[in-house]
file protein.cif (mmCIF, C-alpha atoms (C1' of nucleotides))
data_target
#
loop_
_atom_site.label_atom_id
_atom_site.label_comp_id
_atom_site.auth_asym_id
_atom_site.auth_seq_id
_atom_site.Cartn_x
_atom_site.Cartn_y
_atom_site.Cartn_z
CA MET A 1 83.46 74.16 108.73
CA THR A 2 84.46 70.88 107.27
CA LYS A 3 86.83 68.55 109.01
CA THR A 4 89.34 69.15 106.25
CA ASP A 5 89.97 72.71 107.45
CA HIS A 6 93.39 72.05 108.86
CA TYR A 7 93.92 73.45 112.29
CA HIS A 8 97.60 73.47 111.54
CA HIS A 9 98.53 75.18 108.33
CA GLY A 10 101.58 73.10 107.65
CA ALA A 11 103.79 75.62 105.91
CA LEU A 12 102.84 78.90 107.51
CA ARG A 13 106.35 80.25 107.61
CA GLU A 14 106.84 79.92 103.87
CA ALA A 15 103.32 81.16 103.20
CA LEU A 16 104.00 84.24 105.31
CA LEU A 17 107.27 85.04 103.58
CA ASP A 18 105.67 84.54 100.21
CA SER A 19 102.57 86.60 100.90
CA ALA A 20 104.58 89.34 102.55
CA MET A 21 106.93 89.66 99.58
CA ARG A 22 103.98 89.87 97.24
CA ALA A 23 102.25 92.39 99.51
CA ILE A 24 105.14 94.82 99.85
CA GLU A 25 105.66 94.68 96.12
CA SER A 26 102.05 95.54 95.36
CA ASP A 27 101.09 97.85 98.22
CA GLY A 28 104.37 99.15 99.56
CA LEU A 29 106.34 98.24 102.64
CA GLU A 30 104.74 100.74 104.98
CA ARG A 31 101.30 99.31 104.34
CA LEU A 32 102.30 95.80 105.34
CA SER A 33 100.21 94.50 108.23
CA LEU A 34 100.83 91.23 110.00
CA ARG A 35 97.12 90.92 110.74
CA ASP A 36 96.15 91.40 107.11
CA LEU A 37 98.78 88.91 106.10
CA ALA A 38 97.45 86.34 108.53
CA GLY A 39 93.89 87.02 107.41
CA THR A 40 94.75 86.59 103.74
CA ILE A 41 96.46 83.32 104.43
CA GLY A 42 93.47 82.22 106.45
CA VAL A 43 95.00 82.02 109.86
CA SER A 44 94.45 83.99 113.06
CA LYS A 45 96.07 87.34 113.76
CA THR A 46 98.75 86.08 116.10
CA ALA A 47 99.66 82.87 114.32
CA PRO A 48 102.67 84.56 112.65
CA TYR A 49 104.24 84.96 116.08
CA ARG A 50 104.84 81.22 116.24
CA HIS A 51 107.30 81.67 113.38
CA PHE A 52 108.63 85.20 113.77
CA ALA A 53 109.33 86.93 117.05
CA SER A 54 108.22 90.28 115.66
CA LYS A 55 107.29 92.10 112.50
CA ARG A 56 110.86 93.24 112.27
CA ALA A 57 112.05 89.63 112.39
CA LEU A 58 109.76 88.85 109.46
CA LEU A 59 111.22 91.75 107.51
CA GLU A 60 114.74 90.62 108.32
CA ALA A 61 113.92 87.17 107.01
CA ILE A 62 112.52 88.71 103.85
CA ALA A 63 115.63 90.81 103.38
CA ALA A 64 117.76 87.69 103.83
CA GLU A 65 115.69 85.90 101.23
CA GLY A 66 116.18 88.90 98.95
CA PHE A 67 119.96 88.69 99.24
CA ARG A 68 119.75 84.99 98.55
CA LEU A 69 117.79 85.62 95.36
CA LEU A 70 120.15 88.39 94.30
CA ALA A 71 123.21 86.25 94.91
CA ALA A 72 121.64 83.43 92.93
CA ASP A 73 120.87 85.76 90.01
CA LEU A 74 124.37 87.17 89.97
CA GLU A 75 126.02 83.78 90.23
CA ARG A 76 123.94 82.56 87.33
CA SER A 77 125.10 85.44 85.16
CA GLU A 78 128.64 84.53 86.08
CA GLU A 79 128.47 81.10 84.52
CA PRO A 80 130.25 80.57 81.22
CA GLY A 81 127.89 81.06 78.32
CA PRO A 82 127.27 82.92 75.10
CA GLY A 83 127.89 86.38 76.52
CA THR A 84 131.10 85.73 78.39
CA ALA A 85 132.81 88.56 76.61
CA ASP A 86 131.59 91.41 78.77
CA ARG A 87 131.00 89.59 82.01
CA LEU A 88 130.84 92.72 84.14
CA GLY A 89 128.19 94.13 81.87
CA THR A 90 126.13 90.98 82.14
CA ILE A 91 126.38 91.01 85.90
CA ALA A 92 125.38 94.65 86.06
CA ARG A 93 122.34 93.95 83.95
CA SER A 94 121.34 91.14 86.27
CA TYR A 95 121.74 93.40 89.27
CA ILE A 96 119.61 96.15 87.82
CA ASP A 97 117.03 93.69 86.53
CA PHE A 98 116.72 92.32 90.02
CA ALA A 99 116.16 95.74 91.55
CA ARG A 100 113.65 96.61 88.86
CA SER A 101 111.62 93.44 89.15
CA ARG A 102 111.41 93.64 92.95
CA PRO A 103 111.83 97.31 93.83
CA ALA A 104 110.19 97.15 97.25
CA LEU A 105 112.26 94.15 98.25
CA TYR A 106 115.41 95.84 97.01
CA ARG A 107 114.67 98.94 99.05
CA LEU A 108 113.97 96.82 102.11
CA MET A 109 117.28 95.01 101.71
CA PHE A 110 119.17 98.29 101.88
CA SER A 111 116.98 100.10 104.35
CA LYS A 112 119.05 99.57 107.50
CA LEU A 113 116.39 101.35 109.45
CA GLY A 114 117.08 98.71 109.77
CA TYR A 115 116.47 95.26 108.83
CA SER A 116 119.34 93.67 106.92
CA LEU A 117 122.82 93.65 108.35
CA GLU A 118 122.09 92.22 111.77
CA SER A 119 121.03 88.84 110.47
CA GLU A 120 123.55 86.13 109.74
CA ALA A 121 121.70 85.03 106.61
CA CYS A 122 121.85 88.58 105.25
CA ARG A 123 125.55 88.89 105.84
CA LEU A 124 126.21 85.52 104.27
CA ASN A 125 124.18 86.04 101.11
CA SER A 126 125.16 89.65 100.57
CA GLY A 127 128.72 88.35 100.85
CA ARG A 128 128.00 85.85 98.11
CA ALA A 129 126.60 88.60 95.88
CA PHE A 130 129.53 90.87 96.59
CA GLY A 131 131.87 87.99 95.80
CA VAL A 132 130.54 87.79 92.26
CA LEU A 133 131.34 91.44 91.74
CA VAL A 134 134.79 91.09 93.24
CA ARG A 135 135.64 88.18 90.95
CA ALA A 136 134.42 90.00 87.87
CA VAL A 137 136.40 93.14 88.60
CA ASP A 138 139.40 91.02 89.54
CA ALA A 139 139.29 89.25 86.20
CA ARG A 140 139.03 92.51 84.34
CA MET A 141 141.85 94.16 86.23
CA SER A 142 144.18 91.22 86.59
CA THR A 143 146.37 92.35 83.73
CA GLY A 144 148.88 93.63 86.25
CA TRP A 145 147.73 96.41 88.52
CA ARG A 146 148.36 98.51 91.52
CA SER A 147 147.68 98.01 95.20
CA VAL A 148 144.96 95.98 96.83
CA GLU A 149 143.61 99.22 98.23
CA ASN A 150 143.16 100.49 94.77
CA GLN A 151 141.39 97.36 93.70
CA GLU A 152 139.02 97.61 96.63
CA ALA A 153 138.19 101.18 95.72
CA VAL A 154 137.45 100.16 92.16
CA ILE A 155 135.15 97.38 93.25
CA LEU A 156 133.28 99.70 95.55
CA SER A 157 133.03 102.29 92.82
CA VAL A 158 131.48 99.82 90.46
CA TRP A 159 129.06 98.70 93.13
CA ALA A 160 128.17 102.29 94.01
CA LEU A 161 127.54 103.07 90.36
CA VAL A 162 125.23 100.13 89.75
CA HIS A 163 123.55 100.48 93.13
CA GLY A 164 123.02 104.17 92.55
CA TRP A 165 121.60 103.59 89.14
CA ALA A 166 119.27 100.95 90.45
CA GLY A 167 118.09 103.41 93.08
CA LEU A 168 117.42 106.17 90.59
CA LEU A 169 115.53 103.75 88.36
CA ILE A 170 113.25 102.22 90.95
CA ASP A 171 112.54 105.56 92.62
CA GLY A 172 111.41 106.96 89.29
CA LEU A 173 113.98 109.73 89.11
CA LEU A 174 115.16 109.07 85.60
CA PRO A 175 113.57 110.67 82.59
CA ARG A 176 111.52 108.09 80.76
CA GLN A 177 113.64 107.85 77.65
CA ILE A 178 116.72 106.37 79.24
CA PRO A 179 116.56 102.69 78.47
CA ALA A 180 120.14 103.10 77.34
CA ALA A 181 121.13 103.61 80.95
CA GLU A 182 122.53 100.17 81.37
CA GLU A 183 124.56 100.31 78.18
CA ARG A 184 126.10 103.56 79.32
CA TRP A 185 127.11 101.83 82.44
CA ALA A 186 129.29 99.44 80.50
CA GLU A 187 131.05 102.36 78.83
CA MET A 188 131.77 103.95 82.17
CA VAL A 189 133.42 100.92 83.64
CA GLN A 190 135.41 100.39 80.52
CA ALA A 191 136.60 103.98 80.63
CA PHE A 192 137.46 103.78 84.26
CA LEU A 193 139.45 100.60 84.02
CA SER A 194 141.71 101.92 81.33
CA MET B 1 98.56 126.33 134.23
CA THR B 2 99.34 130.00 134.01
CA LYS B 3 97.49 132.38 131.77
CA THR B 4 100.66 132.82 129.73
CA ASP B 5 100.31 129.33 128.32
CA HIS B 6 99.41 130.37 124.81
CA TYR B 7 96.36 128.64 123.48
CA HIS B 8 97.74 129.30 120.04
CA HIS B 9 101.28 128.17 119.52
CA GLY B 10 102.18 130.79 116.95
CA ALA B 11 104.59 128.85 114.77
CA LEU B 12 103.36 125.29 114.97
CA ARG B 13 104.08 124.46 111.37
CA GLU B 14 107.75 125.33 111.66
CA ALA B 15 108.00 123.68 115.06
CA LEU B 16 106.52 120.49 113.64
CA LEU B 17 108.88 120.41 110.67
CA ASP B 18 111.82 121.09 112.93
CA SER B 19 110.91 118.54 115.59
CA ALA B 20 110.07 115.94 112.98
CA MET B 21 113.40 116.33 111.23
CA ARG B 22 115.21 115.98 114.52
CA ALA B 23 113.09 112.98 115.48
CA ILE B 24 113.60 110.97 112.31
CA GLU B 25 117.32 111.65 112.51
CA SER B 26 117.58 110.40 116.07
CA ASP B 27 114.97 107.64 116.22
CA GLY B 28 114.41 106.65 112.61
CA LEU B 29 111.61 107.44 110.23
CA GLU B 30 109.44 104.45 111.04
CA ARG B 31 109.25 105.44 114.68
CA LEU B 32 107.92 108.89 113.94
CA SER B 33 104.55 109.50 115.58
CA LEU B 34 102.43 112.58 115.02
CA ARG B 35 101.03 112.27 118.51
CA ASP B 36 104.45 112.11 120.10
CA LEU B 37 105.52 115.05 118.02
CA ALA B 38 102.54 117.09 119.15
CA GLY B 39 103.12 116.04 122.75
CA THR B 40 106.77 117.05 122.69
CA ILE B 41 105.91 120.43 121.27
CA GLY B 42 103.25 120.81 123.92
CA VAL B 43 100.16 120.79 121.80
CA SER B 44 97.26 118.38 121.48
CA LYS B 45 97.38 115.26 119.36
CA THR B 46 95.35 116.58 116.45
CA ALA B 47 96.77 120.08 116.29
CA PRO B 48 99.17 119.09 113.48
CA TYR B 49 96.14 118.50 111.25
CA ARG B 50 95.56 122.26 111.09
CA HIS B 51 98.84 122.50 109.18
CA PHE B 52 99.21 119.17 107.40
CA ALA B 53 96.40 117.15 105.89
CA SER B 54 98.06 113.89 106.85
CA LYS B 55 101.24 112.35 108.15
CA ARG B 56 102.25 111.77 104.59
CA ALA B 57 101.79 115.46 103.81
CA LEU B 58 104.13 116.28 106.70
CA LEU B 59 106.72 113.90 105.31
CA GLU B 60 106.36 115.38 101.86
CA ALA B 61 106.98 118.82 103.29
CA ILE B 62 110.06 117.51 105.07
CA ALA B 63 111.34 115.94 101.88
CA ALA B 64 110.80 119.23 100.09
CA GLU B 65 112.73 121.03 102.79
CA GLY B 66 115.47 118.44 102.38
CA PHE B 67 115.77 119.14 98.67
CA ARG B 68 115.87 122.86 99.44
CA LEU B 69 118.75 122.33 101.85
CA LEU B 70 120.58 120.07 99.43
CA ALA B 71 120.17 122.54 96.59
CA ALA B 72 121.46 125.34 98.81
CA ASP B 73 124.51 123.29 99.82
CA LEU B 74 125.33 122.39 96.23
CA GLU B 75 124.86 125.94 94.97
CA ARG B 76 127.18 127.18 97.68
CA SER B 77 129.90 124.77 96.61
CA GLU B 78 129.46 126.05 93.07
CA GLU B 79 130.45 129.61 93.93
CA PRO B 80 133.90 130.73 92.84
CA GLY B 81 136.40 130.27 95.64
CA PRO B 82 139.71 128.73 96.63
CA GLY B 83 138.91 125.25 95.35
CA THR B 84 137.55 126.12 91.95
CA ALA B 85 140.00 123.81 90.24
CA ASP B 86 138.07 120.59 90.71
CA ARG B 87 134.55 121.89 90.91
CA LEU B 88 132.89 118.55 90.33
CA GLY B 89 134.88 117.05 93.17
CA THR B 90 133.82 119.84 95.50
CA ILE B 91 130.20 119.40 94.57
CA ALA B 92 130.40 115.66 95.08
CA ARG B 93 131.86 116.18 98.52
CA SER B 94 129.03 118.52 99.41
CA TYR B 95 126.49 116.00 98.20
CA ILE B 96 127.96 113.17 100.22
CA ASP B 97 128.43 115.37 103.27
CA PHE B 98 124.77 116.25 103.11
CA ALA B 99 123.69 112.62 102.96
CA ARG B 100 126.01 111.75 105.80
CA SER B 101 124.95 114.54 108.11
CA ARG B 102 121.23 113.85 107.60
CA PRO B 103 120.98 110.20 106.61
CA ALA B 104 117.34 109.72 107.59
CA LEU B 105 116.29 112.83 105.74
CA TYR B 106 118.26 111.76 102.69
CA ARG B 107 116.60 108.36 102.69
CA LEU B 108 113.19 109.97 103.05
CA MET B 109 113.86 112.26 100.10
CA PHE B 110 114.48 109.30 97.83
CA SER B 111 111.98 106.91 99.33
CA LYS B 112 109.15 107.33 96.83
CA LEU B 113 107.06 105.02 98.93
CA GLY B 114 106.56 107.67 98.54
CA TYR B 115 106.93 111.07 99.48
CA SER B 116 109.00 113.25 97.16
CA LEU B 117 108.04 113.55 93.53
CA GLU B 118 104.40 114.38 93.87
CA SER B 119 105.02 117.70 95.57
CA GLU B 120 105.74 120.81 93.55
CA ALA B 121 108.35 122.02 96.04
CA CYS B 122 110.21 118.74 95.75
CA ARG B 123 110.30 118.90 91.98
CA LEU B 124 111.44 122.50 92.03
CA ASN B 125 114.26 122.09 94.52
CA SER B 126 115.46 118.75 93.25
CA GLY B 127 115.61 120.48 89.89
CA ARG B 128 117.81 123.20 91.37
CA ALA B 129 120.13 120.58 92.82
CA PHE B 130 120.25 118.68 89.58
CA GLY B 131 121.01 121.92 87.74
CA VAL B 132 124.19 122.38 89.72
CA LEU B 133 125.36 118.95 88.63
CA VAL B 134 124.43 119.60 85.01
CA ARG B 135 126.39 122.85 84.94
CA ALA B 136 129.46 121.26 86.50
CA VAL B 137 129.52 118.35 84.08
CA ASP B 138 128.81 120.73 81.22
CA ALA B 139 131.78 122.85 82.12
CA ARG B 140 134.03 119.85 82.35
CA MET B 141 132.90 118.39 79.04
CA SER B 142 132.49 121.55 77.06
CA THR B 143 135.81 121.12 75.33
CA GLY B 144 133.99 119.93 72.25
CA TRP B 145 131.96 116.78 72.60
CA ARG B 146 129.47 114.44 71.23
CA SER B 147 125.70 114.33 71.27
CA VAL B 148 123.34 115.76 73.84
CA GLU B 149 122.21 112.23 74.54
CA ASN B 150 125.71 111.33 75.46
CA GLN B 151 126.00 114.32 77.74
CA GLU B 152 122.77 113.38 79.50
CA ALA B 153 124.03 109.87 80.05
CA VAL B 154 127.23 111.20 81.55
CA ILE B 155 125.38 113.47 83.93
CA LEU B 156 123.16 110.66 85.06
CA SER B 157 126.16 108.40 85.49
CA VAL B 158 127.84 110.90 87.72
CA TRP B 159 124.69 111.35 89.73
CA ALA B 160 124.19 107.59 90.03
CA LEU B 161 127.75 107.17 91.20
CA VAL B 162 127.56 109.80 93.90
CA HIS B 163 124.04 108.81 94.90
CA GLY B 164 125.05 105.18 95.09
CA TRP B 165 128.06 105.97 97.17
CA ALA B 166 126.03 108.07 99.51
CA GLY B 167 123.61 105.18 99.91
CA LEU B 168 126.33 102.67 100.68
CA LEU B 169 127.84 105.05 103.21
CA ILE B 170 124.70 105.90 105.15
CA ASP B 171 123.43 102.34 105.15
CA GLY B 172 126.68 101.18 106.71
CA LEU B 173 127.65 98.85 103.89
CA LEU B 174 131.21 100.03 103.48
CA PRO B 175 134.10 98.55 105.41
CA ARG B 176 135.21 100.97 108.03
CA GLN B 177 138.55 101.87 106.55
CA ILE B 178 137.29 103.61 103.44
CA PRO B 179 137.51 107.29 104.19
CA ALA B 180 139.26 107.53 100.86
CA ALA B 181 135.97 106.78 99.16
CA GLU B 182 135.31 110.32 98.15
CA GLU B 183 138.80 110.88 96.71
CA ARG B 184 138.39 107.73 94.63
CA TRP B 185 135.26 109.24 93.26
CA ALA B 186 137.19 112.12 91.77
CA GLU B 187 139.51 109.69 90.03
CA MET B 188 136.62 107.84 88.52
CA VAL B 189 134.99 110.85 87.00
CA GLN B 190 138.29 112.05 85.69
CA ALA B 191 138.92 108.68 84.08
CA PHE B 192 135.49 108.56 82.58
CA LEU B 193 135.63 112.03 81.08
CA SER B 194 138.83 111.35 79.26
"C1'" DC C 1 98.03 51.26 121.79
"C1'" DA C 2 97.44 54.91 125.67
"C1'" DG C 3 98.86 58.98 127.11
"C1'" DG C 4 101.68 62.83 127.75
"C1'" DT C 5 104.47 66.46 125.63
"C1'" DG C 6 105.77 70.05 122.61
"C1'" DA C 7 104.88 72.54 118.39
"C1'" DT C 8 101.47 75.11 116.29
"C1'" DG C 9 97.16 77.91 116.03
"C1'" DT C 10 93.23 80.73 118.53
"C1'" DT C 11 90.88 84.11 121.54
"C1'" DG C 12 90.77 88.17 124.19
"C1'" DG C 13 92.90 92.11 125.50
"C1'" DC C 14 96.21 96.22 125.94
"C1'" DA C 15 98.58 100.26 124.51
"C1'" DG C 16 99.55 103.02 120.76
"C1'" DT C 17 98.55 104.92 116.03
"C1'" DG C 18 96.40 108.06 112.15
"C1'" DT C 19 92.34 110.43 111.36
"C1'" DC C 20 87.69 112.51 111.63
"C1'" DA C 21 83.76 115.28 113.72
"C1'" DA C 22 82.31 118.48 117.08
"C1'" DC C 23 83.59 121.97 120.01
"C1'" DA C 24 86.61 125.86 122.25
"C1'" DT C 25 89.53 129.81 121.97
"C1'" DA C 26 91.40 133.89 120.47
"C1'" DA C 27 93.02 137.24 117.08
"C1'" DA C 28 91.39 140.37 113.28
"C1'" DG C 29 88.45 143.47 111.04
"C1'" DG C 30 84.16 145.70 109.93
"C1'" DC D 1 81.45 145.30 120.02
"C1'" DC D 2 80.45 141.52 117.69
"C1'" DT D 3 81.17 138.27 114.06
"C1'" DT D 4 84.28 135.74 111.29
"C1'" DT D 5 88.11 132.78 110.70
"C1'" DA D 6 92.39 130.57 111.86
"C1'" DT D 7 94.00 127.76 115.14
"C1'" DG D 8 93.90 124.32 119.01
"C1'" DT D 9 91.17 120.67 121.95
"C1'" DT D 10 88.29 116.59 123.11
"C1'" DG D 11 86.37 112.33 122.17
"C1'" DA D 12 85.87 108.58 119.36
"C1'" DC D 13 86.79 104.92 115.73
"C1'" DA D 14 89.28 101.54 113.29
"C1'" DC D 15 93.52 99.77 112.97
"C1'" DT D 16 98.11 98.11 114.42
"C1'" DG D 17 101.95 95.12 116.90
"C1'" DC D 18 102.20 92.26 120.60
"C1'" DC D 19 101.32 89.49 125.00
"C1'" DA D 20 98.99 85.90 128.03
"C1'" DA D 21 95.99 82.15 128.43
"C1'" DC D 22 93.95 78.50 126.18
"C1'" DA D 23 92.97 74.83 122.26
"C1'" DT D 24 94.34 71.43 119.03
"C1'" DC D 25 96.99 68.06 117.09
"C1'" DA D 26 101.22 65.32 115.64
"C1'" DC D 27 104.53 62.52 117.54
"C1'" DC D 28 107.16 59.70 120.79
"C1'" DT D 29 107.69 56.66 124.52
"C1'" DG D 30 105.80 53.36 128.01
#

call {"tool": "encode", "arguments": {"input": "protein.cif", "output": "structure tokens"}}
result
Amino acid sequence: MTKTDHYHHGALREALLDSAMRAIESDGLERLSLRDLAGTIGVSKTAPYRHFASKRALLEAIAAEGFRLLAADLERSEEPGPGTADRLGTIARSYIDFARSRPALYRLMFSKLGYSLESEACRLNSGRAFGVLVRAVDARMSTGWRSVENQEAVILSVWALVHGWAGLLIDGLLPRQIPAAEERWAEMVQAFLS
Amino acid sequence: MTKTDHYHHGALREALLDSAMRAIESDGLERLSLRDLAGTIGVSKTAPYRHFASKRALLEAIAAEGFRLLAADLERSEEPGPGTADRLGTIARSYIDFARSRPALYRLMFSKLGYSLESEACRLNSGRAFGVLVRAVDARMSTGWRSVENQEAVILSVWALVHGWAGLLIDGLLPRQIPAAEERWAEMVQAFLS
DNA sequence: CAGGTGATGTTGGCAGTGTCAACATAAAGG
DNA sequence: CCTTTATGTTGACACTGCCAACATCACCTG
């Protein structure tokens, strides 16, 4: 035991979040163990409790981080660029890419069992993500349209469609030869908005 | 301890499935404990292992039962009756009603963490449920249409939409004043199919 | 620069969990 | 009647989240 073994880790909170996200992605959420996590990081079994009041609190923080990442991805695909033509399509692709690249995190974010909603950070960042969708649908529909109610329903429909598709994809319920799924999505929205 | 306390329960398997379904619906899936279950039923902690190889096996059986119930509901709403006009709408309502009345079960069915797919019963009954959807979309589109590929994409789109909406509903992500959600659904499909 | 104070990490322990091995009971069938 | 077999019980093990008591160290104030 050299003197350079730090008694204090220095960035345990970040290390925990990071390790936990990696762990749920590789072994599944239900196999996540705080003790294992601490062990892997090289810290004692109860050290995490100095940064998170409970396992649930850790998961809530992870979900919040997930919404932050999702919002960031969506906002990036909202920026003006080469593919500005079909902005909604681009956003949808980002959304589904996110769910696909971090399926366990995505499931956790919408589990409600329930992490998510209770935390302020979750509400804030999911609001940001939702905002991107709202703006995109707004832009597409702005050519004179009906009630606000109607608009809300359309937005939710679009969200439900993409969210549902993401779910089917990451839960392995789609036949293998449907890479065209996302393209089809674009058609659907187009059809609906006309 | 009277002599009439049966040493053998008689229908433990069914009692376990039943109690477990009730328990996950009232306390959440992650709080389900085999020992508690056994205790509530009035049997020793390891008795369940005579009927299920593991907790996971129990959950798989529950998921299978869920798909059986869902398939039954959907098939019932397929029968000729008063509301045969908009069959797809009726089926969608059944689907969403199912998810809403048994949210925890519905989540378990699509968890993949993962129960579901591996079991034969799950595959069979989810196939039955999917068949109902296929037939309904078929009927609606049969007025001369494009490729089979296209048809498949449409079916999956419809499923994704309803599935996604169910998810948003049971995870409490929809603003409270959207009871009109299901009606909007009908509009969307209609729009898409035209 | 001394010393105390608060944030961070550790040790030991408790109650609860899924699961296995060994044993007990009772219903069924020759 | 006696054995077989399905079913249920007991005891134990390794693991979990979490709490209380203690250790270490960075930092601030005198």

call {"tool": "closest_atom_pairs", "arguments": {"input": "protein.cif", "of": "chain C", "to": "chain A", "cutoff": "10 Å", "atoms": "only C-alpha atoms (C1' of nucleotides)", "output": "tab-separated table"}}
result
residue	atom	partner	partner_atom	distance
C:DA7	C1'	A:Arg50	CA	8.9
C:DT8	C1'	A:His8	CA	6.3
C:DG9	C1'	A:Ala47	CA	5.8
C:DT10	C1'	A:Ser44	CA	6.5
C:DT11	C1'	A:Ser44	CA	9.2

call {"tool": "resolve_selection", "arguments": {"input": "protein.cif", "expression": "the PyMOL selection byres ((chain D) within 8 of (chain A))", "output": "ChimeraX atom specification"}}
result
/D:16-17,24-25

call {"tool": "residues_around", "arguments": {"input": "protein.cif", "residues": "D:DT29", "least_positions_apart": "3", "cutoff": "12 Å", "atoms": "only C-alpha atoms (C1' of nucleotides)", "output": "PyMOL selection string"}}
result
chain C and resi 1-5

call {"tool": "resolve_selection", "arguments": {"input": "protein.cif", "expression": "the PyMOL selection byres ((chain A and resi 66) around 12)", "output": "PyMOL selection string"}}
result
chain A and resi 17-18+21+59-65+67-73+98-99+101-110+115-116+121-126+129

call {"tool": "residues_near_point", "arguments": {"input": "protein.cif", "point": "(115.3, 99.9, 90.9)", "cutoff": "6 Å", "atoms": "all atoms listed in the file", "output": "VMD selection string"}}
result
chain A and resid 99 to 100 103 166 to 167 169 to 170

call {"tool": "resolve_selection", "arguments": {"input": "protein.cif", "expression": "the PyMOL selection byres ((chain D and resi 9) around 7)", "output": "PyMOL selection string"}}
result
(chain B and resi 44) or (chain C and resi 24) or (chain D and resi 8+10)

call {"tool": "atom_distance", "arguments": {"input": "protein.cif", "atom1": "atom CA of B:Gly89", "atom2": "atom CA of A:Ala153"}}
result
16.4 Å

call {"tool": "closest_residue", "arguments": {"input": "protein.cif", "among": "A:Gly81, A:Gly127, A:Gly28, A:Gly39", "to": "chain B", "atoms": "all atoms listed in the file"}}
result
A:Gly28

call {"tool": "atom_distance", "arguments": {"input": "protein.cif", "atom1": "atom CA of B:His163", "atom2": "atom CA of A:Val162"}}
result
10.2 Å

call {"tool": "build_atoms", "arguments": {"input": "protein.cif", "residues": "stretch 101-113 of chain B", "atoms": "N, CA and C atoms", "output": "short mmCIF file (atom, residue, chain, number, x, y, z; two decimals), in the frame of the given file"}}
result
data_model
loop_
_atom_site.label_atom_id
_atom_site.label_comp_id
_atom_site.auth_asym_id
_atom_site.auth_seq_id
_atom_site.Cartn_x
_atom_site.Cartn_y
_atom_site.Cartn_z
N SER B 101 125.32 113.77 106.92
CA SER B 101 124.95 114.54 108.11
C SER B 101 123.45 114.43 108.38
N ARG B 102 122.67 114.03 107.39
CA ARG B 102 121.23 113.85 107.60
C ARG B 102 120.77 112.59 106.90
N PRO B 103 121.28 111.44 107.32
CA PRO B 103 120.98 110.20 106.61
C PRO B 103 119.49 109.88 106.51
N ALA B 104 118.77 110.07 107.61
CA ALA B 104 117.34 109.72 107.59
C ALA B 104 116.58 110.63 106.63
N LEU B 105 116.93 111.90 106.66
CA LEU B 105 116.29 112.83 105.74
C LEU B 105 116.60 112.46 104.29
N TYR B 106 117.85 112.13 104.04
CA TYR B 106 118.26 111.76 102.69
C TYR B 106 117.49 110.54 102.21
N ARG B 107 117.36 109.56 103.07
CA ARG B 107 116.60 108.36 102.69
C ARG B 107 115.14 108.72 102.41
N LEU B 108 114.58 109.56 103.25
CA LEU B 108 113.19 109.97 103.05
C LEU B 108 113.02 110.64 101.69
N MET B 109 113.95 111.52 101.36
CA MET B 109 113.86 112.26 100.10
C MET B 109 113.77 111.34 98.90
N PHE B 110 114.46 110.20 98.98
CA PHE B 110 114.48 109.30 97.83
C PHE B 110 113.66 108.04 98.08
N SER B 111 112.70 108.13 98.97
CA SER B 111 111.98 106.91 99.33
C SER B 111 110.90 106.56 98.32
N LYS B 112 110.15 107.55 97.87
CA LYS B 112 109.15 107.33 96.83
C LYS B 112 107.99 106.47 97.28
N LEU B 113 108.07 105.99 98.45
CA LEU B 113 107.06 105.02 98.93
C LEU B 113 105.67 105.60 99.01
#
